Structures are given as structure tokens and as C-alpha cells.
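Source file: protein_38.cif (mmCIF, C-alpha atoms)
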```
data_target
loop_
_atom_site.label_atom_id
_atom_site.label_comp_id
_atom_site.auth_asym_id
_atom_site.auth_seq_id
_atom_site.Cartn_x
_atom_site.Cartn_y
_atom_site.Cartn_z
CA MET A 1 -18.13 16.96 15.92
CA ARG A 2 -20.15 13.78 15.55
CA ARG A 3 -18.35 10.58 16.57
CA LEU A 4 -18.52 8.07 13.75
CA PRO A 5 -19.22 4.38 14.31
CA ARG A 6 -16.13 2.20 14.44
CA SER A 7 -16.69 0.87 10.90
CA GLU A 8 -17.14 4.36 9.44
CA VAL A 9 -14.47 7.04 9.10
CA SER A 10 -14.59 10.68 8.03
CA VAL A 11 -14.17 11.63 4.39
CA ASP A 12 -10.74 13.11 5.21
CA ASP A 13 -9.58 9.91 6.91
CA ALA A 14 -10.96 7.74 4.09
CA ALA A 15 -9.12 9.94 1.58
CA SER A 16 -5.92 9.73 3.62
CA ARG A 17 -6.19 5.93 3.84
CA ALA A 18 -6.90 5.66 0.11
CA SER A 19 -3.85 7.79 -0.63
CA ALA A 20 -1.70 5.61 1.64
CA PHE A 21 -3.23 2.48 0.07
CA VAL A 22 -2.30 3.58 -3.46
CA TYR A 23 1.09 4.94 -2.46
CA GLY A 24 2.11 1.84 -0.51
CA ASN A 25 1.00 -0.60 -3.19
CA VAL A 26 2.59 1.34 -6.05
CA LEU A 27 5.92 1.52 -4.21
CA VAL A 28 5.82 -2.17 -3.29
CA LEU A 29 5.06 -2.99 -6.93
CA ALA A 30 7.96 -0.80 -8.06
CA ALA A 31 10.21 -2.60 -5.56
CA LEU A 32 9.07 -5.97 -6.90
CA ILE A 33 9.89 -4.87 -10.44
CA ALA A 34 13.28 -3.59 -9.34
CA LEU A 35 14.00 -6.94 -7.67
CA GLY A 36 13.08 -9.07 -10.64
CA PRO A 37 12.58 -12.81 -10.27
CA GLU A 38 16.31 -13.46 -10.38
CA ASN A 39 16.98 -11.74 -7.03
CA LEU A 40 14.71 -13.75 -4.76
CA SER A 41 17.15 -16.26 -3.34
CA GLY A 42 17.66 -16.03 0.38
CA PRO A 43 15.96 -13.43 2.52
CA HIS A 44 16.94 -10.54 0.22
CA GLY A 45 13.58 -10.29 -1.57
CA VAL A 46 11.50 -10.44 1.60
CA LEU A 47 13.67 -7.87 3.36
CA TYR A 48 13.63 -5.58 0.33
CA ILE A 49 9.82 -5.57 0.15
CA VAL A 50 9.28 -5.26 3.90
CA GLY A 51 11.95 -2.55 4.04
CA THR A 52 10.21 -0.66 1.26
CA ALA A 53 6.90 -0.70 3.12
CA VAL A 54 8.39 0.14 6.52
CA SER A 55 10.53 3.00 5.20
CA THR A 56 7.57 4.38 3.23
CA PHE A 57 5.36 4.13 6.33
CA VAL A 58 7.91 6.00 8.44
CA ALA A 59 8.47 8.63 5.72
CA HIS A 60 4.71 9.15 5.45
CA LEU A 61 4.38 9.66 9.20
CA LEU A 62 7.30 12.08 9.16
CA GLY A 63 5.63 14.01 6.33
CA GLU A 64 2.35 14.14 8.25
CA SER A 65 4.24 15.37 11.32
CA VAL A 66 5.79 18.22 9.31
CA ALA A 67 2.39 19.06 7.83
CA GLY A 68 0.89 19.13 11.33
CA ARG A 69 3.58 21.55 12.49
CA ILE A 70 2.69 23.84 9.57
CA ARG A 71 -1.04 23.62 10.34
CA HIS A 72 -0.53 24.19 14.08
CA PRO A 73 2.73 26.13 14.59
CA GLY A 74 4.22 26.02 18.04
CA ALA A 75 1.94 23.25 19.27
CA PRO A 76 3.13 19.68 19.67
CA PRO A 77 0.98 17.13 17.84
CA ALA A 78 -1.93 15.90 19.92
CA ARG A 79 -1.79 12.22 20.87
CA GLU A 80 -5.09 11.56 19.07
CA GLU A 81 -3.79 13.24 15.90
CA VAL A 82 -0.73 10.99 15.91
CA ARG A 83 -2.98 7.93 16.39
CA VAL A 84 -5.12 9.01 13.43
CA HIS A 85 -2.02 9.44 11.23
CA VAL A 86 -0.71 5.99 12.20
CA ARG A 87 -4.11 4.39 11.60
CA ASN A 88 -4.49 6.12 8.23
CA ALA A 89 -0.97 5.06 7.19
CA ARG A 90 -1.54 1.35 7.96
CA PRO A 91 -2.40 0.57 4.32
CA ILE A 92 1.20 1.46 3.47
CA ALA A 93 2.54 -1.09 5.93
CA SER A 94 0.02 -3.75 4.94
CA SER A 95 0.88 -3.37 1.26
CA ALA A 96 3.92 -5.61 1.79
CA THR A 97 2.13 -8.46 3.57
CA ALA A 98 1.01 -10.68 0.68
CA PRO A 99 4.07 -9.99 -1.52
CA ALA A 100 6.42 -10.74 1.38
CA LEU A 101 4.60 -14.01 2.04
CA PHE A 102 4.96 -15.09 -1.59
CA LEU A 103 8.64 -14.17 -1.59
CA ALA A 104 9.12 -16.02 1.70
CA ALA A 105 7.51 -19.07 0.08
CA ALA A 106 10.13 -18.85 -2.69
CA TRP A 107 12.90 -18.48 -0.11
CA ALA A 108 11.57 -21.60 1.69
CA GLY A 109 11.53 -23.50 -1.61
CA TRP A 110 7.73 -23.90 -1.69
CA LEU A 111 7.44 -21.81 -4.87
CA ASP A 112 9.90 -21.17 -7.65
CA SER A 113 11.14 -17.58 -7.82
CA PRO A 114 9.40 -16.51 -11.05
CA THR A 115 6.05 -17.83 -9.78
CA ALA A 116 6.45 -16.09 -6.42
CA TRP A 117 7.43 -12.86 -8.18
CA VAL A 118 4.36 -12.94 -10.44
CA LEU A 119 2.03 -13.86 -7.55
CA ALA A 120 3.44 -11.03 -5.42
CA GLN A 121 2.73 -8.56 -8.22
CA ALA A 122 -0.74 -10.02 -8.81
CA ALA A 123 -1.55 -9.66 -5.10
CA THR A 124 -0.47 -6.02 -5.18
CA LEU A 125 -2.50 -5.30 -8.31
CA GLY A 126 -5.44 -7.14 -6.76
CA ARG A 127 -5.28 -4.84 -3.74
CA LEU A 128 -5.30 -1.83 -6.04
CA ALA A 129 -8.30 -3.25 -7.90
CA LEU A 130 -10.12 -3.52 -4.55
CA LEU A 131 -9.46 0.10 -3.57
CA GLY A 132 -13.07 1.12 -4.25
CA ALA A 133 -14.39 -1.62 -2.01
CA ALA A 134 -11.91 -0.65 0.72
CA VAL A 135 -12.99 3.00 0.60
CA ALA A 136 -16.65 1.98 0.78
CA ARG A 137 -15.87 -0.20 3.81
CA TRP A 138 -14.01 2.63 5.54
CA ARG A 139 -16.98 4.89 4.89
CA GLY A 140 -19.49 2.29 6.09
CA GLU A 141 -21.18 2.27 2.69
CA ARG A 142 -21.96 -0.24 -0.03
CA SER A 143 -19.50 -0.28 -2.88
CA PRO A 144 -21.12 1.09 -6.05
CA LEU A 145 -20.21 -0.58 -9.33
CA ARG A 146 -18.51 2.54 -10.70
CA VAL A 147 -16.10 2.57 -7.74
CA VAL A 148 -15.25 -1.11 -8.25
CA VAL A 149 -14.66 -0.49 -11.96
CA ALA A 150 -12.48 2.52 -11.14
CA GLY A 151 -10.31 0.32 -8.90
CA ILE A 152 -9.94 -2.26 -11.64
CA VAL A 153 -8.98 0.46 -14.14
CA LEU A 154 -6.45 1.83 -11.64
CA ALA A 155 -4.90 -1.62 -11.28
CA ALA A 156 -4.78 -2.04 -15.07
CA VAL A 157 -3.05 1.32 -15.54
CA VAL A 158 -0.53 0.54 -12.78
CA ALA A 159 0.08 -2.89 -14.38
CA LEU A 160 0.80 -1.26 -17.75
CA VAL A 161 3.19 1.21 -16.14
CA SER A 162 4.86 -1.68 -14.32
CA VAL A 163 5.31 -3.68 -17.51
CA LEU A 164 6.75 -0.62 -19.22
CA LYS A 165 9.17 -0.06 -16.33
CA PHE A 166 10.25 -3.71 -16.38
CA VAL A 167 10.79 -3.69 -20.16
CA LEU A 168 12.77 -0.46 -20.05
CA THR A 169 14.94 -1.42 -17.06
CA HIS A 170 15.66 -5.12 -17.67
#
```

Show how you would write the structure in this file as C-alpha cells.
Amino acid sequence: MRRLPRSEVSVDDAASRASAFVYGNVLVLAALIALGPENLSGPHGVLYIVGTAVSTFVAHLLGESVAGRIRHPGAPPAREEVRVHVRNARPIASSATAPALFLAAAWAGWLDSPTAWVLAQAATLGRLALLGAAVARWRGERSPLRVVVAGIVLAAVVALVSVLKFVLTH
């Protein structure tokens, strides 16, 4: 098997990272909607978002571990395989970074809660819009326009679903 340059990953790894990227961001966005701007006082909002990302990251790794046991019965997971799963799941963990920073700014009093809440959602949707560019970077390729447009459409669809969820649950 050919060893890929550091900036380039296999199609399977790029697909796994893209899946984790979408999954992590959608769940963080759902957590933000569940929080609402009224629940951002104190550390609660930050902990809720970070907890969502961390628990999703751990659940994803557990799922990959079970899948590995099915693929290779009786064999413990190879150290390199575990490293690949952790690396490919990092987009789940990183999905909480910008939203948590905005919520921490509200907690510190630097932003009002509604503004922090909207900015946290915008950051998450922005990440989703950049999915095509991220995949191209993982693959060591240039990002074609159709992939960029697809990311923007994905973000728009997720935004509409988020608005619908907020309207129906608040």
C-alpha cells in the first residue's frame, strides 16, 4: 500500500473525517438549539457544548471499536488502527471549539447571551459550509466550485432544519 504524503489521506479516511465533521457539527448545532439563548449564564452553556462534543467523540470511537471487532473477530485492534480512528474522529471534537469560545465570551460578560448564541450557531454552519474545502485539503487537492457550493447548500439545509427545530420546540 502506497504511503500518502502527510497532507493527503486515503479516500476512506477522508470519507470518515467528513462523516465525523458533519456528525459533530450537526450535534453541536442541535445542542445549541436545545440550550437556547436564555440558558447561557454561568458555565452551563460551555459545559453543555463541550460535553456534547466529547461524548459524541467517545461514542464514535466506541462504535468504530465495535465495527473493528466485527471486521476482525478475535483480534485486538491494532495500535495504528486506533490512531487512525482517533485522527478521523477529531472533527467531532473540534466542532465544539468556536461555539464554546462564543459561549465562554457570554459567560465572561464580553458578549450578551443572544449574540453569543447566534455567533456559535453561525460558526457551526460556517464549518459545515466549508466541508468541501476541508475534504479537498484532506485529499491534497484543490477544492472545485461544485464541492464548495455543495457545502454551502448543506449548511443552508441544516440551518433550515435548525430553525424548524427551534420553532417547534420553543

Self-check item: Selection near Ile92 in chain A, 6 Å with all atoms listed in the file, sequence-local residues under 2 positions removed, as a PyMOL selection string
Solution: chain A and resi 20-21+24+57+89-90+94-95

Exercise. Considering all atoms listed in the file, return as a list in words whatever protein or nucleic-acid residues lie within 10 Å of Asp13 in chain A, sequence-local ones (same chain, fewer than 4 positions apart) excluded.
Key: Glu8, Val9, Arg17, Ala18, Ser19, Val84, His85, Arg87, Asn88, Ala89, Val135, Trp138 and Arg139 of chain A

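For the pair CA of Gly42 in chain A and CA of Thr115 in chain A, the interatomic distance is 15.5 Å.
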
Quiz item: Could you write out as number ranges by chain the residues that the PyMOL selection byres ((chain A and resi 147) around 12) matches in the shown file?
Solution: A: 128-137, 141-146, 148-154

Any chance you could work out the axis-aligned box around range 122-125 of chain A, listed atoms only, 6 Å on each side, giving centre and edge lengths in Å to one decimal, as AutoDock Vina command-line options?
```
--center_x -1.5 --center_y -7.7 --center_z -7.0 --size_x 14.0 --size_y 16.7 --size_z 15.7
```

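The residue that comes closest to Ala93 in chain A, out of A:Ala67, A:Ala155, A:Val50, A:Ala106 and on the basis of all atoms listed in the file, is A:Val50.
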
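Distances from A:Val46, A:Val158, A:Leu40, A:Ala75 to Asp112 in chain A were compared using all atoms listed in the file, and the smallest one belongs to A:Leu40.
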
Practice problem: Could you tell me how far CA of Ala59 in chain A lies from CA of Tyr23 in chain A, in Å and to one decimal? | Solution: 11.6 Å

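Here CA of Gly109 in chain A is placed at a distance of 23.9 Å from CA of Leu125 in chain A.
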
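Residue nearest Gln121 in chain A, chosen from A:Ser65, A:Asn25, A:Ser55, A:Thr169 and counting only C-alpha atoms: A:Asn25.
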
Which residues, named as in the file, does the PyMOL selection byres ((chain A and resi 162) around 10) pick out? Answer as a PDB file with C-alpha atoms, in the coordinates of the input.
```pdb
ATOM      1  CA  VAL A  26       2.590   1.340  -6.050  1.00  0.00           C
ATOM      2  CA  LEU A  29       5.060  -2.990  -6.930  1.00  0.00           C
ATOM      3  CA  ALA A  30       7.960  -0.800  -8.060  1.00  0.00           C
ATOM      4  CA  LEU A  32       9.070  -5.970  -6.900  1.00  0.00           C
ATOM      5  CA  ILE A  33       9.890  -4.870 -10.440  1.00  0.00           C
ATOM      6  CA  ALA A  34      13.280  -3.590  -9.340  1.00  0.00           C
ATOM      7  CA  GLN A 121       2.730  -8.560  -8.220  1.00  0.00           C
ATOM      8  CA  ALA A 156      -4.780  -2.040 -15.070  1.00  0.00           C
ATOM      9  CA  VAL A 157      -3.050   1.320 -15.540  1.00  0.00           C
ATOM     10  CA  VAL A 158      -0.530   0.540 -12.780  1.00  0.00           C
ATOM     11  CA  ALA A 159       0.080  -2.890 -14.380  1.00  0.00           C
ATOM     12  CA  LEU A 160       0.800  -1.260 -17.750  1.00  0.00           C
ATOM     13  CA  VAL A 161       3.190   1.210 -16.140  1.00  0.00           C
ATOM     14  CA  VAL A 163       5.310  -3.680 -17.510  1.00  0.00           C
ATOM     15  CA  LEU A 164       6.750  -0.620 -19.220  1.00  0.00           C
ATOM     16  CA  LYS A 165       9.170  -0.060 -16.330  1.00  0.00           C
ATOM     17  CA  PHE A 166      10.250  -3.710 -16.380  1.00  0.00           C
ATOM     18  CA  VAL A 167      10.790  -3.690 -20.160  1.00  0.00           C
ATOM     19  CA  LEU A 168      12.770  -0.460 -20.050  1.00  0.00           C
TER      20      LEU A 168
END
```

Quiz prompt | Contacts of Trp117 in chain A within 12 Å, only C-alpha atoms, excl. fewer than 5 positions in-chain, as a count of residues only | solution = 31

For range 121-144 of chain A, where the input has fewer atoms than it should, I would like N, CA and C atoms rebuilt and written as an mmCIF file, in the coordinates of the input.
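Contents of out-v7.cif, as written:
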```cif
data_model
loop_
_atom_site.group_PDB
_atom_site.id
_atom_site.type_symbol
_atom_site.label_atom_id
_atom_site.label_comp_id
_atom_site.auth_asym_id
_atom_site.auth_seq_id
_atom_site.Cartn_x
_atom_site.Cartn_y
_atom_site.Cartn_z
ATOM 1 N N GLN A 121 3.235 -9.685 -7.433
ATOM 2 C CA GLN A 121 2.730 -8.560 -8.220
ATOM 3 C C GLN A 121 1.217 -8.639 -8.393
ATOM 4 N N ALA A 122 0.717 -9.840 -8.645
ATOM 5 C CA ALA A 122 -0.740 -10.020 -8.810
ATOM 6 C C ALA A 122 -1.476 -9.644 -7.529
ATOM 7 N N ALA A 123 -0.919 -10.010 -6.384
ATOM 8 C CA ALA A 123 -1.550 -9.660 -5.100
ATOM 9 C C ALA A 123 -1.595 -8.146 -4.928
ATOM 10 N N THR A 124 -0.523 -7.479 -5.300
ATOM 11 C CA THR A 124 -0.470 -6.020 -5.180
ATOM 12 C C THR A 124 -1.473 -5.370 -6.118
ATOM 13 N N LEU A 125 -1.526 -5.842 -7.351
ATOM 14 C CA LEU A 125 -2.500 -5.300 -8.310
ATOM 15 C C LEU A 125 -3.927 -5.618 -7.872
ATOM 16 N N GLY A 126 -4.121 -6.783 -7.279
ATOM 17 C CA GLY A 126 -5.440 -7.140 -6.760
ATOM 18 C C GLY A 126 -5.882 -6.191 -5.662
ATOM 19 N N ARG A 127 -4.956 -5.825 -4.788
ATOM 20 C CA ARG A 127 -5.280 -4.840 -3.740
ATOM 21 C C ARG A 127 -5.679 -3.512 -4.363
ATOM 22 N N LEU A 128 -4.954 -3.086 -5.381
ATOM 23 C CA LEU A 128 -5.300 -1.830 -6.040
ATOM 24 C C LEU A 128 -6.683 -1.918 -6.692
ATOM 25 N N ALA A 129 -6.988 -3.065 -7.272
ATOM 26 C CA ALA A 129 -8.300 -3.250 -7.900
ATOM 27 C C ALA A 129 -9.421 -3.181 -6.863
ATOM 28 N N LEU A 130 -9.120 -3.523 -5.619
ATOM 29 C CA LEU A 130 -10.120 -3.520 -4.550
ATOM 30 C C LEU A 130 -10.184 -2.198 -3.785
ATOM 31 N N LEU A 131 -9.478 -1.180 -4.270
ATOM 32 C CA LEU A 131 -9.460 0.100 -3.570
ATOM 33 C C LEU A 131 -10.867 0.652 -3.356
ATOM 34 N N GLY A 132 -11.706 0.599 -4.379
ATOM 35 C CA GLY A 132 -13.070 1.120 -4.250
ATOM 36 C C GLY A 132 -13.837 0.435 -3.140
ATOM 37 N N ALA A 133 -13.711 -0.870 -3.063
ATOM 38 C CA ALA A 133 -14.390 -1.620 -2.010
ATOM 39 C C ALA A 133 -13.829 -1.259 -0.632
ATOM 40 N N ALA A 134 -12.522 -1.030 -0.559
ATOM 41 C CA ALA A 134 -11.910 -0.650 0.720
ATOM 42 C C ALA A 134 -12.426 0.716 1.172
ATOM 43 N N VAL A 135 -12.501 1.662 0.248
ATOM 44 C CA VAL A 135 -12.990 3.000 0.600
ATOM 45 C C VAL A 135 -14.438 2.909 1.072
ATOM 46 N N ALA A 136 -15.246 2.138 0.368
ATOM 47 C CA ALA A 136 -16.650 1.980 0.780
ATOM 48 C C ALA A 136 -16.722 1.383 2.186
ATOM 49 N N ARG A 137 -15.873 0.407 2.477
ATOM 50 C CA ARG A 137 -15.870 -0.200 3.810
ATOM 51 C C ARG A 137 -15.472 0.814 4.871
ATOM 52 N N TRP A 138 -14.430 1.614 4.581
ATOM 53 C CA TRP A 138 -14.010 2.630 5.540
ATOM 54 C C TRP A 138 -15.119 3.641 5.797
ATOM 55 N N ARG A 139 -15.906 3.919 4.773
ATOM 56 C CA ARG A 139 -16.980 4.890 4.890
ATOM 57 C C ARG A 139 -18.272 4.273 5.417
ATOM 58 N N GLY A 140 -18.298 2.961 5.608
ATOM 59 C CA GLY A 140 -19.490 2.290 6.090
ATOM 60 C C GLY A 140 -20.601 2.275 5.052
ATOM 61 N N GLU A 141 -20.226 2.235 3.788
ATOM 62 C CA GLU A 141 -21.180 2.270 2.690
ATOM 63 C C GLU A 141 -21.071 1.011 1.843
ATOM 64 N N ARG A 142 -22.057 0.820 0.979
ATOM 65 C CA ARG A 142 -21.960 -0.240 -0.030
ATOM 66 C C ARG A 142 -21.074 0.263 -1.149
ATOM 67 N N SER A 143 -20.421 -0.644 -1.818
ATOM 68 C CA SER A 143 -19.500 -0.280 -2.880
ATOM 69 C C SER A 143 -20.236 -0.212 -4.216
ATOM 70 N N PRO A 144 -20.441 1.005 -4.763
ATOM 71 C CA PRO A 144 -21.120 1.090 -6.050
ATOM 72 C C PRO A 144 -20.256 0.531 -7.174
#
```
